Amino acid sequence: MELKLHASMASSSSPTPPFCTYAVPDASRLHPRRNGTNKGRSTPPLRKGSHSNEPKLKLDEGVHQNQNAPFSRSSLNVDLLGLCEEGKLNQVLELMGQGVVADYSVYLALLNLCVDTRSLESGKRVHEFLRRTNFRGDIELNNRLIGMYGKCGSMMDARKLFDEMPERNISSWHLMISGYTVNGLGDDGLLIFQKMKQAGIPPDGETFALVLAACARAEAVEEGFVHFESMKEYGIVPSMEHYFEVINILGNAGQLNEAEEFIEKIPIELGVEVWQALRNFAQIHGDLELEDRAEELLTCIDPSKAIAQKLPTPPRKKQSGINMLEEKNRVSEYRYSIPYKEEEAHEKLKGLNGQMREAGYVPDTRYVLHDIDEEEKEKALQYHSERLAIAYGLISTPPRTTLRIIKNLRICGDCHNAIKIMSKIVGRELIVRDNKRFHHFKDGKCSCGDYW
């Protein structure tokens, strides 16, 4: 069993508040102290009715509406697609479990919903339903499934499906390479590319952009340049995306001088993102001189890009962490409206903080932008939303359960270091999806190699 978590931090100054989420797909497997569900309660059978909380059912054409005739399930036509458009994923799955048949468009909509909600367990249920249909060999639906598994951080399921596909197209290979890369498994993405070439499928410009990104993730500098040069063999002219990925390859490997030299040789007009990337790499690898040069160039090209980083951020008027626990078709919301409220999750987090310090964790208060003293900065770091989500997950699930956290902002450097140590202390895999990529924390290490 896996636990998916969401934790959010509301902000009155932000139009789209940051969030992390968590969800338990099967409440019956929760720790008994945190179950909170009614044992033995089951979903009511599909029946004729007009209650406001039930899906609208209508009789198929040609069926006589004889009130004395028996009312059969086969005479019902449920608007599953309409429910999908309303975002009622669980309700659609319940109806399908009761025997309502979904068509091709419903499966497409369901898989889109699973991706939007990052719901791995729901995606697996859709996959099981799909196996029983005539659509099971459809390339487009299988590609959607691969994409869903990749975006939910389960490349094992994606690879199993990929290997079982009776037919594949170039998008199938692209999804596998991209999925491995986003999940920090660049080497596996490069192996898939080799298999793609062995299968006789010629790569295109998108393929090489994905392959170069995989090289950056795997820190495969030499192989990256081999692939970059081989684009000529296929008549592909490098675009800014390809050049940018080469910069990522060099920067990720710490070869900053080579990256700067490569940038100077790029034959097309450069955008500010190139100098931003170089500045970020210089900051990561501690090259202050290069960071200043890149900052100066950024200021010349677009002053807002450089100055925005230095403007003080106004403190939030109110911080409110929201954690949502999805139990089957029910969503419970847990609010942390008081930053240091004495609740069990906070107690668990306090205990973890003590163990983390013993393991060598030192708070990095550079990531606190508020003008407060050092002690308060350390406290503020302790209660970042993803840590609260992890703490709640730890007290809500059995040992060794994988926790999945989704965050709509980039994870801060201090939380990244803290969660690495947490994963070793609690002996669990902690999977965090921020707005850029997956971080698979396990045994004190992260799949991103500390670069994200």
# chains A, B, ... in the order shown; residues from 1 in each chain; ligands from 1
call {"tool": "residues_around", "arguments": {"residues": "Ala218 in chain A", "least_positions_apart": "5", "cutoff": "12 Å", "atoms": "only C-alpha atoms", "output": "ChimeraX atom specification"}}
result
/A:180-191,211-213,223-224,248-250,252-253,447-449,451
call {"tool": "closest_atom_pairs", "arguments": {"of": "range 350-423 of chain A", "to": "range 94-117 of chain A", "cutoff": "12 Å", "atoms": "only C-alpha atoms", "output": "JSON lines"}}
result
{"residue": "A:Ile405", "atom": "CA", "partner": "A:Thr117", "partner_atom": "CA", "distance": 11.8}
{"residue": "A:Ile406", "atom": "CA", "partner": "A:Thr117", "partner_atom": "CA", "distance": 9.5}
{"residue": "A:Lys407", "atom": "CA", "partner": "A:Thr117", "partner_atom": "CA", "distance": 11.7}
{"residue": "A:Asn408", "atom": "CA", "partner": "A:Thr117", "partner_atom": "CA", "distance": 11.8}
call {"tool": "write_last_selection", "arguments": {"atoms": "N, CA, C and O atoms", "output": "PDB file, in the first residue's frame"}}
result
ATOM      1  N   ILE A 405       4.162  12.629  -1.764  1.00  0.00           N
ATOM      2  CA  ILE A 405       3.818  14.021  -1.487  1.00  0.00           C
ATOM      3  C   ILE A 405       3.832  14.803  -2.784  1.00  0.00           C
ATOM      4  O   ILE A 405       4.761  14.670  -3.575  1.00  0.00           O
ATOM      5  N   ILE A 406       2.810  15.619  -3.000  1.00  0.00           N
ATOM      6  CA  ILE A 406       2.731  16.463  -4.190  1.00  0.00           C
ATOM      7  C   ILE A 406       2.728  17.918  -3.744  1.00  0.00           C
ATOM      8  O   ILE A 406       1.939  18.308  -2.885  1.00  0.00           O
ATOM      9  N   LYS A 407       3.618  18.691  -4.333  1.00  0.00           N
ATOM     10  CA  LYS A 407       3.776  20.099  -3.959  1.00  0.00           C
ATOM     11  C   LYS A 407       3.785  20.932  -5.231  1.00  0.00           C
ATOM     12  O   LYS A 407       4.432  20.575  -6.204  1.00  0.00           O
ATOM     13  N   ASN A 408       3.058  22.062  -5.227  1.00  0.00           N
ATOM     14  CA  ASN A 408       2.983  22.853  -6.459  1.00  0.00           C
ATOM     15  C   ASN A 408       4.044  23.944  -6.528  1.00  0.00           C
ATOM     16  O   ASN A 408       4.027  24.770  -7.425  1.00  0.00           O
TER      17      ASN A 408
END
call {"tool": "closest_residue", "arguments": {"among": "A:Lys350, A:Ser178, A:Ser171, A:Asp79", "to": "Val92 in chain A", "atoms": "only C-alpha atoms"}}
result
A:Asp79
call {"tool": "select_by_dssp", "arguments": {"residues": "range 90-151 of chain A", "states": "alpha helix (DSSP H)", "output": "JSON, numbers by chain"}}
result
{"A": [90, 91, 92, 93, 94, 95, 96, 97, 104, 105, 106, 107, 108, 109, 110, 111, 112, 113, 114, 115, 116, 117, 120, 121, 122, 123, 124, 125, 126, 127, 128, 129, 130, 131, 139, 140, 141, 142, 143, 144, 145, 146, 147, 148, 149, 150, 151]}
call {"tool": "residues_around", "arguments": {"residues": "Pro166 in chain A", "least_positions_apart": "3", "cutoff": "9 Å", "atoms": "only C-alpha atoms", "output": "PyMOL selection string"}}
result
chain A and resi 137-139+162-163
call {"tool": "write_last_selection", "arguments": {"atoms": "C-alpha atoms", "output": "JSON list (two decimals), in the first residue's frame"}}
result
[["chain", "number", "residue", "atom", "x", "y", "z"],
["A", 137, "GLY", "CA", -4.45, -2.88, -27.06],
["A", 138, "ASP", "CA", -5.12, 0.72, -28.12],
["A", 139, "ILE", "CA", -1.83, 2.61, -28.46],
["A", 162, "PHE", "CA", 5.35, -0.72, -22.00],
["A", 163, "ASP", "CA", 6.86, -4.21, -22.26]]
call {"tool": "atom_distance", "arguments": {"atom1": "CA of Arg217 in chain A", "atom2": "CA of Ala277 in chain A"}}
result
14.9 Å
call {"tool": "residues_around", "arguments": {"residues": "Asp204 in chain A", "least_positions_apart": "5", "cutoff": "9 Å", "atoms": "only C-alpha atoms", "output": "PyMOL selection string"}}
result
chain A and resi 209+231+234+236
call {"tool": "residues_around", "arguments": {"residues": "Leu290 in chain A", "least_positions_apart": "5", "cutoff": "9 Å", "atoms": "only C-alpha atoms", "output": "list in words"}}
result
Leu256, Asn257, Glu260, Leu278, Arg279, Ala282, Gln283 and Glu295 of chain A
call {"tool": "atom_distance", "arguments": {"atom1": "CA of Glu241 in chain A", "atom2": "CA of Glu269 in chain A"}}
result
12.2 Å
call {"tool": "closest_atom_pairs", "arguments": {"of": "range 94-184 of chain A", "to": "range 427-435 of chain A", "cutoff": "9 Å", "atoms": "only C-alpha atoms", "output": "CSV"}}
result
residue,atom,partner,partner_atom,distance
A:Lys151,CA,A:Arg433,CA,8.7
A:Cys152,CA,A:Arg433,CA,8.4
A:Gly153,CA,A:Ile431,CA,7.6
call {"tool": "write_last_selection", "arguments": {"atoms": "C-alpha atoms", "output": "PDB file, in the first residue's frame"}}
result
ATOM      1  CA  LYS A 151       3.688  11.477 -13.570  1.00  0.00           C
ATOM      2  CA  CYS A 152       2.585   9.546 -10.492  1.00  0.00           C
ATOM      3  CA  GLY A 153       6.165   8.368  -9.883  1.00  0.00           C
TER       4      GLY A 153
END
call {"tool": "residues_around", "arguments": {"residues": "Leu270 in chain A", "least_positions_apart": "6", "cutoff": "10 Å", "atoms": "only C-alpha atoms", "output": "PyMOL selection string"}}
result
chain A and resi 240+243-244+263-264
call {"tool": "write_last_selection", "arguments": {"atoms": "all heavy atoms", "output": "compact mmCIF listing (two decimals), in the first residue's frame"}}
result
# COMPACT_ATOMS: atom_id res chain seq x y z
N MET A 240 17.08 25.74 -29.80
CA MET A 240 17.48 26.29 -28.50
C MET A 240 17.26 25.26 -27.40
O MET A 240 18.03 25.21 -26.42
CB MET A 240 16.64 27.55 -28.21
CG MET A 240 17.12 28.35 -27.00
SD MET A 240 18.79 28.98 -27.20
CE MET A 240 19.64 28.19 -25.85
N TYR A 243 20.35 23.02 -27.33
CA TYR A 243 21.50 23.73 -26.76
C TYR A 243 21.34 23.88 -25.25
O TYR A 243 22.29 23.74 -24.48
CB TYR A 243 21.65 25.11 -27.41
CG TYR A 243 22.15 25.07 -28.83
CD1 TYR A 243 21.36 25.55 -29.89
CD2 TYR A 243 23.41 24.56 -29.14
CE1 TYR A 243 21.81 25.51 -31.20
CE2 TYR A 243 23.86 24.53 -30.45
CZ TYR A 243 23.06 24.99 -31.47
OH TYR A 243 23.51 24.96 -32.76
N PHE A 244 20.12 24.17 -24.85
CA PHE A 244 19.86 24.37 -23.41
C PHE A 244 20.12 23.09 -22.63
O PHE A 244 20.66 23.13 -21.52
CB PHE A 244 18.41 24.83 -23.22
CG PHE A 244 18.09 25.25 -21.82
CD1 PHE A 244 18.53 26.47 -21.33
CD2 PHE A 244 17.35 24.44 -20.98
CE1 PHE A 244 18.24 26.88 -20.04
CE2 PHE A 244 17.05 24.83 -19.69
CZ PHE A 244 17.51 26.06 -19.21
N ILE A 263 28.25 28.15 -24.45
CA ILE A 263 27.26 29.21 -24.66
C ILE A 263 27.77 30.24 -25.66
O ILE A 263 27.02 30.71 -26.54
CB ILE A 263 26.91 29.88 -23.31
CG1 ILE A 263 26.11 28.92 -22.42
CG2 ILE A 263 26.12 31.17 -23.54
CD1 ILE A 263 25.87 29.41 -21.02
N GLU A 264 29.05 30.59 -25.57
CA GLU A 264 29.62 31.60 -26.45
C GLU A 264 29.64 31.13 -27.91
O GLU A 264 29.68 31.96 -28.82
CB GLU A 264 31.03 31.95 -25.99
CG GLU A 264 31.06 32.69 -24.65
CD GLU A 264 32.47 32.85 -24.11
OE1 GLU A 264 33.41 32.29 -24.73
OE2 GLU A 264 32.63 33.53 -23.08
call {"tool": "atom_distance", "arguments": {"atom1": "CA of Lys424 in chain A", "atom2": "CA of Phe441 in chain A"}}
result
8.6 Å
call {"tool": "closest_residue", "arguments": {"among": "A:Ser154, A:Tyr149, A:Arg293, A:Glu140", "to": "Ser172 in chain A", "atoms": "only C-alpha atoms"}}
result
A:Glu140
call {"tool": "decode", "arguments": {"residues": "range 183-196 of chain A", "atoms": "all heavy atoms", "output": "PDB file, in the first residue's frame"}}
result
ATOM      1  N   ASN A 183      11.836  11.153 -13.107  1.00  0.00           N
ATOM      2  CA  ASN A 183      11.922  10.426 -11.842  1.00  0.00           C
ATOM      3  C   ASN A 183      13.367  10.183 -11.395  1.00  0.00           C
ATOM      4  O   ASN A 183      13.618   9.373 -10.511  1.00  0.00           O
ATOM      5  CB  ASN A 183      11.175   9.095 -11.949  1.00  0.00           C
ATOM      6  CG  ASN A 183       9.678   9.271 -11.845  1.00  0.00           C
ATOM      7  OD1 ASN A 183       9.124   9.373 -10.762  1.00  0.00           O
ATOM      8  ND2 ASN A 183       8.999   9.342 -12.986  1.00  0.00           N
ATOM      9  N   GLY A 184      14.315  10.887 -12.036  1.00  0.00           N
ATOM     10  CA  GLY A 184      15.703  10.811 -11.600  1.00  0.00           C
ATOM     11  C   GLY A 184      16.436   9.577 -12.065  1.00  0.00           C
ATOM     12  O   GLY A 184      17.479   9.232 -11.497  1.00  0.00           O
ATOM     13  N   LEU A 185      15.922   8.887 -13.072  1.00  0.00           N
ATOM     14  CA  LEU A 185      16.518   7.644 -13.555  1.00  0.00           C
ATOM     15  C   LEU A 185      17.016   7.827 -14.987  1.00  0.00           C
ATOM     16  O   LEU A 185      16.585   7.147 -15.919  1.00  0.00           O
ATOM     17  CB  LEU A 185      15.489   6.506 -13.479  1.00  0.00           C
ATOM     18  CG  LEU A 185      14.863   6.273 -12.100  1.00  0.00           C
ATOM     19  CD1 LEU A 185      13.680   5.322 -12.191  1.00  0.00           C
ATOM     20  CD2 LEU A 185      15.896   5.732 -11.125  1.00  0.00           C
ATOM     21  N   GLY A 186      17.931   8.778 -15.153  1.00  0.00           N
ATOM     22  CA  GLY A 186      18.429   9.106 -16.481  1.00  0.00           C
ATOM     23  C   GLY A 186      19.082   7.938 -17.192  1.00  0.00           C
ATOM     24  O   GLY A 186      18.932   7.771 -18.409  1.00  0.00           O
ATOM     25  N   ASP A 187      19.817   7.101 -16.448  1.00  0.00           N
ATOM     26  CA  ASP A 187      20.476   5.944 -17.065  1.00  0.00           C
ATOM     27  C   ASP A 187      19.465   5.002 -17.704  1.00  0.00           C
ATOM     28  O   ASP A 187      19.693   4.465 -18.799  1.00  0.00           O
ATOM     29  CB  ASP A 187      21.309   5.187 -16.023  1.00  0.00           C
ATOM     30  CG  ASP A 187      22.556   5.953 -15.616  1.00  0.00           C
ATOM     31  OD1 ASP A 187      23.155   6.595 -16.503  1.00  0.00           O
ATOM     32  OD2 ASP A 187      22.926   5.921 -14.433  1.00  0.00           O
ATOM     33  N   ASP A 188      18.345   4.783 -17.024  1.00  0.00           N
ATOM     34  CA  ASP A 188      17.301   3.917 -17.584  1.00  0.00           C
ATOM     35  C   ASP A 188      16.676   4.543 -18.830  1.00  0.00           C
ATOM     36  O   ASP A 188      16.324   3.838 -19.782  1.00  0.00           O
ATOM     37  CB  ASP A 188      16.215   3.644 -16.538  1.00  0.00           C
ATOM     38  CG  ASP A 188      16.715   2.761 -15.410  1.00  0.00           C
ATOM     39  OD1 ASP A 188      17.431   1.789 -15.689  1.00  0.00           O
ATOM     40  OD2 ASP A 188      16.407   3.055 -14.252  1.00  0.00           O
ATOM     41  N   GLY A 189      16.554   5.873 -18.832  1.00  0.00           N
ATOM     42  CA  GLY A 189      16.037   6.551 -20.007  1.00  0.00           C
ATOM     43  C   GLY A 189      16.950   6.374 -21.210  1.00  0.00           C
ATOM     44  O   GLY A 189      16.477   6.183 -22.340  1.00  0.00           O
ATOM     45  N   LEU A 190      18.269   6.409 -20.971  1.00  0.00           N
ATOM     46  CA  LEU A 190      19.232   6.206 -22.059  1.00  0.00           C
ATOM     47  C   LEU A 190      19.191   4.772 -22.579  1.00  0.00           C
ATOM     48  O   LEU A 190      19.359   4.531 -23.776  1.00  0.00           O
ATOM     49  CB  LEU A 190      20.636   6.571 -21.579  1.00  0.00           C
ATOM     50  CG  LEU A 190      20.839   8.053 -21.238  1.00  0.00           C
ATOM     51  CD1 LEU A 190      22.220   8.286 -20.627  1.00  0.00           C
ATOM     52  CD2 LEU A 190      20.648   8.924 -22.468  1.00  0.00           C
ATOM     53  N   LEU A 191      18.958   3.816 -21.693  1.00  0.00           N
ATOM     54  CA  LEU A 191      18.833   2.420 -22.136  1.00  0.00           C
ATOM     55  C   LEU A 191      17.602   2.233 -23.018  1.00  0.00           C
ATOM     56  O   LEU A 191      17.637   1.477 -23.998  1.00  0.00           O
ATOM     57  CB  LEU A 191      18.761   1.495 -20.915  1.00  0.00           C
ATOM     58  CG  LEU A 191      20.055   1.329 -20.112  1.00  0.00           C
ATOM     59  CD1 LEU A 191      19.801   0.493 -18.857  1.00  0.00           C
ATOM     60  CD2 LEU A 191      21.140   0.664 -20.974  1.00  0.00           C
ATOM     61  N   ILE A 192      16.509   2.919 -22.666  1.00  0.00           N
ATOM     62  CA  ILE A 192      15.305   2.839 -23.499  1.00  0.00           C
ATOM     63  C   ILE A 192      15.586   3.417 -24.886  1.00  0.00           C
ATOM     64  O   ILE A 192      15.114   2.891 -25.911  1.00  0.00           O
ATOM     65  CB  ILE A 192      14.141   3.609 -22.823  1.00  0.00           C
ATOM     66  CG1 ILE A 192      13.566   2.784 -21.662  1.00  0.00           C
ATOM     67  CG2 ILE A 192      13.027   3.915 -23.820  1.00  0.00           C
ATOM     68  CD1 ILE A 192      12.779   1.562 -22.099  1.00  0.00           C
ATOM     69  N   PHE A 193      16.375   4.495 -24.938  1.00  0.00           N
ATOM     70  CA  PHE A 193      16.716   5.083 -26.235  1.00  0.00           C
ATOM     71  C   PHE A 193      17.511   4.095 -27.090  1.00  0.00           C
ATOM     72  O   PHE A 193      17.289   3.994 -28.308  1.00  0.00           O
ATOM     73  CB  PHE A 193      17.520   6.368 -26.028  1.00  0.00           C
ATOM     74  CG  PHE A 193      17.981   7.007 -27.311  1.00  0.00           C
ATOM     75  CD1 PHE A 193      17.066   7.372 -28.290  1.00  0.00           C
ATOM     76  CD2 PHE A 193      19.327   7.247 -27.536  1.00  0.00           C
ATOM     77  CE1 PHE A 193      17.484   7.965 -29.478  1.00  0.00           C
ATOM     78  CE2 PHE A 193      19.755   7.838 -28.719  1.00  0.00           C
ATOM     79  CZ  PHE A 193      18.833   8.197 -29.690  1.00  0.00           C
ATOM     80  N   GLN A 194      18.408   3.356 -26.463  1.00  0.00           N
ATOM     81  CA  GLN A 194      19.168   2.344 -27.209  1.00  0.00           C
ATOM     82  C   GLN A 194      18.231   1.271 -27.764  1.00  0.00           C
ATOM     83  O   GLN A 194      18.373   0.826 -28.905  1.00  0.00           O
ATOM     84  CB  GLN A 194      20.221   1.709 -26.298  1.00  0.00           C
ATOM     85  CG  GLN A 194      21.325   2.652 -25.849  1.00  0.00           C
ATOM     86  CD  GLN A 194      22.091   3.267 -27.014  1.00  0.00           C
ATOM     87  OE1 GLN A 194      22.330   2.614 -28.034  1.00  0.00           O
ATOM     88  NE2 GLN A 194      22.452   4.531 -26.877  1.00  0.00           N
ATOM     89  N   LYS A 195      17.255   0.862 -26.958  1.00  0.00           N
ATOM     90  CA  LYS A 195      16.283  -0.136 -27.423  1.00  0.00           C
ATOM     91  C   LYS A 195      15.439   0.422 -28.570  1.00  0.00           C
ATOM     92  O   LYS A 195      15.060  -0.306 -29.495  1.00  0.00           O
ATOM     93  CB  LYS A 195      15.378  -0.563 -26.258  1.00  0.00           C
ATOM     94  CG  LYS A 195      16.069  -1.442 -25.225  1.00  0.00           C
ATOM     95  CD  LYS A 195      15.082  -1.844 -24.136  1.00  0.00           C
ATOM     96  CE  LYS A 195      15.731  -2.797 -23.137  1.00  0.00           C
ATOM     97  NZ  LYS A 195      16.014  -4.112 -23.752  1.00  0.00           N
ATOM     98  N   MET A 196      15.154   1.708 -28.484  1.00  0.00           N
ATOM     99  CA  MET A 196      14.373   2.346 -29.543  1.00  0.00           C
ATOM    100  C   MET A 196      15.120   2.294 -30.869  1.00  0.00           C
ATOM    101  O   MET A 196      14.541   1.977 -31.921  1.00  0.00           O
ATOM    102  CB  MET A 196      14.084   3.802 -29.144  1.00  0.00           C
ATOM    103  CG  MET A 196      13.382   4.613 -30.209  1.00  0.00           C
ATOM    104  SD  MET A 196      13.108   6.322 -29.648  1.00  0.00           S
ATOM    105  CE  MET A 196      12.694   7.100 -31.212  1.00  0.00           C
TER     106      MET A 196
END
